[in-house]
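Visitor: mmCIF, C-alpha atoms, file my_file_7.cif:
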```
data_data
loop_
_atom_site.group_PDB
_atom_site.id
_atom_site.type_symbol
_atom_site.label_atom_id
_atom_site.label_comp_id
_atom_site.auth_asym_id
_atom_site.auth_seq_id
_atom_site.Cartn_x
_atom_site.Cartn_y
_atom_site.Cartn_z
ATOM 1 C CA MET A 190 97.241 122.179 127.607
ATOM 2 C CA SER A 191 96.617 121.966 123.883
ATOM 3 C CA LYS A 192 97.208 124.914 121.625
ATOM 4 C CA VAL A 193 94.047 126.547 120.282
ATOM 5 C CA PRO A 194 94.343 126.975 116.506
ATOM 6 C CA ARG A 195 94.116 130.522 115.200
ATOM 7 C CA ILE A 196 91.351 131.306 112.753
ATOM 8 C CA PRO A 197 93.028 132.052 109.417
ATOM 9 C CA ASN A 198 92.162 134.952 107.169
ATOM 10 C CA LEU A 199 90.514 133.394 104.123
ATOM 11 C CA GLY A 200 90.304 136.571 102.038
ATOM 12 C CA GLY A 201 91.828 136.140 98.596
ATOM 13 C CA ALA A 202 91.539 132.353 98.615
ATOM 14 C CA ARG A 203 90.068 130.544 95.621
ATOM 15 C CA ALA A 204 87.275 127.978 95.849
ATOM 16 C CA PHE A 205 85.967 125.706 93.105
ATOM 17 C CA VAL A 206 82.363 124.555 93.338
ATOM 18 C CA LEU A 207 81.798 121.303 91.448
ATOM 19 C CA HIS A 208 78.020 121.244 91.181
ATOM 20 C CA ARG A 209 75.455 121.473 88.420
ATOM 21 C CA PRO A 210 73.828 124.937 88.068
ATOM 22 C CA HIS A 211 71.503 125.176 91.048
ATOM 23 C CA PRO A 212 70.361 127.602 93.785
ATOM 24 C CA THR A 213 72.830 125.762 96.088
ATOM 25 C CA VAL A 214 75.719 127.095 93.990
ATOM 26 C CA GLN A 215 74.315 130.628 94.177
ATOM 27 C CA ALA A 216 73.986 130.411 97.975
ATOM 28 C CA ILE A 217 77.552 129.129 98.350
ATOM 29 C CA THR A 218 78.916 131.755 95.950
ATOM 30 C CA ARG A 219 77.192 134.560 97.892
ATOM 31 C CA GLN A 220 78.688 133.399 101.163
ATOM 32 C CA LEU A 221 82.142 132.865 99.684
ATOM 33 C CA SER A 222 82.104 136.347 98.159
ATOM 34 C CA ALA A 223 81.088 137.866 101.504
ATOM 35 C CA ILE A 224 84.048 136.106 103.154
ATOM 36 C CA GLY A 225 86.394 137.378 100.428
ATOM 37 C CA LEU A 226 86.960 134.247 98.349
ATOM 38 C CA GLU A 227 87.012 134.049 94.577
ATOM 39 C CA THR A 228 84.593 131.372 93.364
ATOM 40 C CA VAL A 229 84.815 129.239 90.237
ATOM 41 C CA GLY A 230 81.769 127.157 89.386
ATOM 42 C CA CYS A 231 82.158 124.095 87.182
ATOM 43 C CA TRP A 232 80.261 121.011 86.049
ATOM 44 C CA PRO A 233 80.586 118.158 85.162
ATOM 45 C CA GLU A 234 84.331 118.095 85.818
ATOM 46 C CA LEU A 235 87.074 120.153 87.373
ATOM 47 C CA PRO A 236 89.422 122.073 85.045
ATOM 48 C CA ALA A 237 93.206 121.642 85.320
ATOM 49 C CA GLU A 238 93.585 124.967 87.154
ATOM 50 C CA VAL A 239 91.813 123.420 90.157
ATOM 51 C CA LEU A 240 95.236 122.185 91.246
ATOM 52 C CA ALA A 241 95.972 125.758 92.368
ATOM 53 C CA ALA A 242 92.696 126.041 94.319
ATOM 54 C CA ASP A 243 92.524 126.585 98.066
ATOM 55 C CA PHE A 244 89.219 124.707 98.512
ATOM 56 C CA VAL A 245 86.896 122.466 96.512
ATOM 57 C CA PHE A 246 83.191 122.050 97.196
ATOM 58 C CA PHE A 247 81.787 118.969 95.465
ATOM 59 C CA ASP A 248 78.351 117.470 94.928
ATOM 60 C CA ALA A 249 78.200 114.198 96.853
ATOM 61 C CA ASP A 250 74.797 113.345 95.350
ATOM 62 C CA LEU A 251 75.747 113.229 91.662
ATOM 63 C CA GLY A 252 79.536 113.157 91.859
ATOM 64 C CA PHE A 253 81.771 110.454 90.406
ATOM 65 C CA ASP A 254 85.494 109.649 90.577
ATOM 66 C CA GLU A 255 86.354 110.760 87.027
ATOM 67 C CA GLN A 256 85.412 114.370 87.851
ATOM 68 C CA PHE A 257 88.632 114.794 89.805
ATOM 69 C CA PRO A 258 92.173 115.018 88.381
ATOM 70 C CA TRP A 259 93.466 112.973 91.358
ATOM 71 C CA LYS A 260 92.767 109.598 92.922
ATOM 72 C CA PRO A 261 90.086 109.315 95.642
ATOM 73 C CA GLY A 262 91.478 110.561 98.933
ATOM 74 C CA GLU A 263 94.472 112.331 97.376
ATOM 75 C CA ALA A 264 93.108 115.853 96.909
ATOM 76 C CA PRO A 265 95.857 118.465 97.299
ATOM 77 C CA MET A 266 93.483 120.895 99.039
ATOM 78 C CA PRO A 267 90.628 120.822 101.582
ATOM 79 C CA MET A 268 87.410 119.285 100.231
ATOM 80 C CA VAL A 269 83.854 120.127 101.318
ATOM 81 C CA ALA A 270 81.101 117.635 100.464
ATOM 82 C CA LEU A 271 77.700 119.035 99.525
ATOM 83 C CA ILE A 272 75.263 116.405 100.762
ATOM 84 C CA GLY A 273 71.573 116.312 99.913
ATOM 85 C CA SER A 274 70.923 112.574 99.898
ATOM 86 C CA GLU A 275 71.821 110.520 102.946
ATOM 87 C CA ALA A 276 71.918 107.300 100.921
ATOM 88 C CA PRO A 277 74.691 105.141 102.418
ATOM 89 C CA GLY A 278 76.380 104.643 99.028
ATOM 90 C CA ARG A 279 76.623 108.401 98.401
ATOM 91 C CA ILE A 280 78.005 109.088 101.879
ATOM 92 C CA GLU A 281 80.469 106.227 101.463
ATOM 93 C CA TRP A 282 81.590 107.742 98.160
ATOM 94 C CA ALA A 283 82.081 111.182 99.768
ATOM 95 C CA LEU A 284 84.100 109.552 102.555
ATOM 96 C CA SER A 285 86.276 107.756 99.983
ATOM 97 C CA HIS A 286 87.295 111.220 98.762
ATOM 98 C CA GLN A 287 88.163 112.148 102.343
ATOM 99 C CA ALA A 288 85.852 115.137 102.531
ATOM 100 C CA ASP A 289 87.280 117.394 105.223
ATOM 101 C CA ALA A 290 83.911 119.015 105.980
ATOM 102 C CA GLN A 291 80.334 118.891 104.778
ATOM 103 C CA LEU A 292 77.417 121.167 104.041
ATOM 104 C CA LEU A 293 73.876 119.848 103.954
ATOM 105 C CA LYS A 294 71.716 120.880 101.017
ATOM 106 C CA PRO A 295 69.773 123.001 100.545
ATOM 107 C CA VAL A 296 72.376 125.550 101.591
ATOM 108 C CA GLY A 297 70.895 128.642 103.209
ATOM 109 C CA ASN A 298 72.530 131.890 104.280
ATOM 110 C CA ALA A 299 75.070 130.394 106.696
ATOM 111 C CA GLY A 300 77.405 127.449 107.126
ATOM 112 C CA VAL A 301 80.060 128.056 104.487
ATOM 113 C CA TYR A 302 82.509 129.913 106.754
ATOM 114 C CA SER A 303 82.529 127.207 109.434
ATOM 115 C CA ALA A 304 82.814 124.507 106.727
ATOM 116 C CA LEU A 305 85.887 126.291 105.315
ATOM 117 C CA LEU A 306 87.573 126.522 108.715
ATOM 118 C CA ILE A 307 86.811 122.916 109.637
ATOM 119 C CA ALA A 308 87.920 121.691 106.200
ATOM 120 C CA ARG A 309 91.216 123.559 106.395
ATOM 121 C CA GLN A 310 92.004 122.297 109.895
ATOM 122 C CA SER A 311 91.048 118.687 109.038
ATOM 123 C CA PHE A 312 93.115 118.830 105.851
ATOM 124 C CA GLU A 313 96.184 120.194 107.672
ATOM 125 C CA ALA A 314 95.831 117.547 110.408
ATOM 126 C CA ARG A 315 95.559 114.809 107.755
ATOM 127 C CA LYS A 316 98.658 116.129 105.937
ATOM 128 C CA LEU A 317 100.625 116.239 109.200
ATOM 129 C CA GLN A 318 99.538 112.704 110.083
ATOM 130 C CA ALA A 319 100.524 111.416 106.615
ATOM 131 C CA SER A 320 103.933 113.099 106.962
ATOM 132 C CA GLU A 321 104.474 111.546 110.398
ATOM 133 C CA ILE A 322 103.485 108.088 109.111
ATOM 134 C CA SER A 323 105.881 108.465 106.176
ATOM 135 C CA SER A 324 108.664 109.503 108.557
ATOM 136 C CA LEU A 325 107.979 106.515 110.822
ATOM 137 C CA ARG A 326 108.014 104.132 107.852
ATOM 138 C CA LEU A 327 111.353 105.586 106.766
ATOM 139 C CA ARG A 328 112.761 105.124 110.263
ATOM 140 C CA VAL A 329 111.574 101.503 110.380
ATOM 141 C CA ALA A 330 113.187 100.874 106.986
ATOM 142 C CA GLU A 331 116.415 102.500 108.204
ATOM 143 C CA ARG A 332 116.446 100.274 111.292
ATOM 144 C CA GLN A 333 116.017 97.215 109.105
ATOM 145 C CA THR A 334 118.983 98.429 107.033
ATOM 146 C CA ILE A 335 121.050 98.861 110.220
ATOM 147 C CA VAL A 336 120.170 95.298 111.280
ATOM 148 C CA ARG A 337 121.247 93.984 107.862
ATOM 149 C CA ALA A 338 124.502 95.959 108.052
ATOM 150 C CA VAL A 339 125.241 94.654 111.564
ATOM 151 C CA GLU A 340 124.592 91.090 110.360
ATOM 152 C CA ALA A 341 126.972 91.653 107.438
ATOM 153 C CA LEU A 342 129.686 93.048 109.721
ATOM 154 C CA SER A 343 129.318 90.496 112.527
ATOM 155 C CA LYS A 344 130.707 87.417 110.671
ATOM 156 C CA GLY A 345 130.872 85.329 113.839
ATOM 157 C CA ALA A 346 131.580 88.256 116.172
ATOM 158 C CA GLY A 347 128.847 89.577 118.455
ATOM 159 C CA ASP A 348 126.196 92.015 117.285
ATOM 160 C CA GLY A 349 127.394 94.600 119.826
ATOM 161 C CA ARG A 350 130.856 94.527 118.347
ATOM 162 C CA ALA A 351 129.498 94.771 114.794
ATOM 163 C CA TYR A 352 127.307 97.747 115.737
ATOM 164 C CA ALA A 353 130.321 99.479 117.310
ATOM 165 C CA GLN A 354 132.204 98.850 114.062
ATOM 166 C CA LEU A 355 129.307 100.349 112.079
ATOM 167 C CA ARG A 356 129.350 103.462 114.300
ATOM 168 C CA SER A 357 133.118 103.727 113.906
ATOM 169 C CA LEU A 358 132.805 103.495 110.115
ATOM 170 C CA ALA A 359 130.113 106.174 110.134
ATOM 171 C CA MET A 360 132.355 108.509 112.137
ATOM 172 C CA SER A 361 135.385 107.905 109.924
ATOM 173 C CA TRP A 362 133.268 108.440 106.789
ATOM 174 C CA GLN A 363 131.646 111.482 108.446
ATOM 175 C CA ILE A 364 128.119 110.331 107.689
ATOM 176 C CA SER A 365 125.145 109.144 109.725
ATOM 177 C CA VAL A 366 124.916 105.576 111.011
ATOM 178 C CA GLU A 367 121.931 105.039 108.702
ATOM 179 C CA GLU A 368 123.909 106.162 105.636
ATOM 180 C CA ALA A 369 126.859 103.982 106.659
ATOM 181 C CA ALA A 370 124.471 101.035 107.031
ATOM 182 C CA ARG A 371 123.111 101.672 103.518
ATOM 183 C CA ARG A 372 126.681 101.656 102.150
ATOM 184 C CA ILE A 373 127.557 98.421 103.963
ATOM 185 C CA VAL A 374 124.388 96.718 102.713
ATOM 186 C CA ALA A 375 125.046 97.946 99.147
ATOM 187 C CA MET A 376 128.651 96.678 99.277
ATOM 188 C CA THR A 377 127.483 93.324 100.663
ATOM 189 C CA GLU A 378 124.900 93.001 97.892
ATOM 190 C CA GLU A 379 127.525 93.887 95.257
ATOM 191 C CA GLU A 380 129.913 91.249 96.676
ATOM 192 C CA GLY A 381 127.089 88.703 96.689
ATOM 193 C CA GLY A 382 126.306 89.518 93.057
ATOM 194 C CA ASP A 383 129.987 89.243 92.081
ATOM 195 C CA ASP A 384 130.256 85.839 93.789
ATOM 196 C CA GLN A 385 127.262 84.528 91.894
ATOM 197 C CA SER A 386 128.597 85.817 88.551
ATOM 198 C CA HIS A 387 131.992 84.090 89.217
ATOM 199 C CA ARG A 388 130.201 80.808 90.012
ATOM 200 C CA ALA A 389 128.202 81.095 86.800
#
```
Could you write out this file's structure as structure tokens?
Guide:
Amino acid sequence: MSKVPRIPNLGGARAFVLHRPHPTVQAITRQLSAIGLETVGCWPELPAEVLAADFVFFDADLGFDEQFPWKPGEAPMPMVALIGSEAPGRIEWALSHQADAQLLKPVGNAGVYSALLIARQSFEARKLQASEISSLRLRVAERQTIVRAVEALSKGAGDGRAYAQLRSLAMSWQISVEEAARRIVAMTEEEGGDDQSHRA
């Protein structure tokens, strides 16, 4: 059974609304204030203090990459796209910024609260997934280092014997097998470099 996420208290959070002056901004600001968020409106670009924001609402119709102080898809907070035009290019652009939720314009008297909750949950899930992918990449790299260390230690002996030697070295050095493998690989590379310099 999957765990049902708890609805967070959003009071006191700060939201930036990147949109030209428009009734849409007023409608969003009213709803955000009712929920308890502080709202900062801005156009045509986000100020540096946006990096401390909890949410960013952005105009998908007139937006462009240079408005953001980060690369597309690398926002450090949940993003909500404000979509009025369903032109494929505009939607594609909003997707390139990995909008975590969307609101269709014109914005009425509802929708902001659910957009905030969905955006936060999507953002947290994306961050967790990125962290897991990074961890898996690190583990793959560590395994490749272990293979290289075993190859360096084997020198005609079997791989099983070389791996046992690597584990023994790790225990005697009181470090992890991965760290021992990194040391072995570094020493092997240093020896290889010394051999080449002597030949030169």
Visitor: Using all atoms listed in the file, tabulate the residues of stretch 265-336 of chain A lying at most 12 Å from any atom of stretch 350-369 of chain A, each with its closest atom pair and that distance in Å to one decimal, by chain and increasing residue number, as a tab-separated table.
Guide:
```
residue	atom	partner	partner_atom	distance
A:Leu327	CA	A:Glu367	CA	10.8
A:Arg328	CA	A:Glu367	CA	9.3
A:Val329	CA	A:Glu367	CA	11.1
A:Ala330	CA	A:Glu367	CA	9.8
A:Glu331	CA	A:Glu367	CA	6.1
A:Arg332	CA	A:Glu367	CA	7.7
A:Gln333	CA	A:Glu367	CA	9.8
A:Thr334	CA	A:Glu367	CA	7.4
A:Ile335	CA	A:Glu367	CA	6.4
A:Val336	CA	A:Tyr352	CA	8.8
```
Visitor: Would you translate the PyMOL selection byres ((chain A and resi 243-253) around 7) into the concrete set of residues it matches in this file, as a list in words?
Guide: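 When the PyMOL selection byres ((chain A and resi 243-253) around 7) is applied, the selected residues are Ala202, Arg203, Ala204, Phe205, Val206, Leu207, His208, Ala241, Ala242, Asp254, Glu255, Gln256, Met266, Pro267, Met268, Val269, Ala270, Leu271, Ile272, Gly273, Ser274, Arg279 and Ala283 of chain A.
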Visitor: One decimal, in Å: what's the spacing between atom CA of A:Gly262 and atom CA of A:Lys316?
Guide: 11.5 Å
Visitor: Residues within 10 Å of stretch 300-307 of chain A, please, as a ChimeraX atom specification. Count only C-alpha atoms; anything in the same chain fewer than 2 positions from it doesn't count.
Guide: /A:196-199,204,216-221,223-224,243-246,267-270,289-293,296-298,309-313
Visitor: State, in Å with one decimal place, the distance from atom CA of A:Leu226 to atom CA of A:Thr213.
Guide: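 Distance reported for this atom pair: 16.6 Å.
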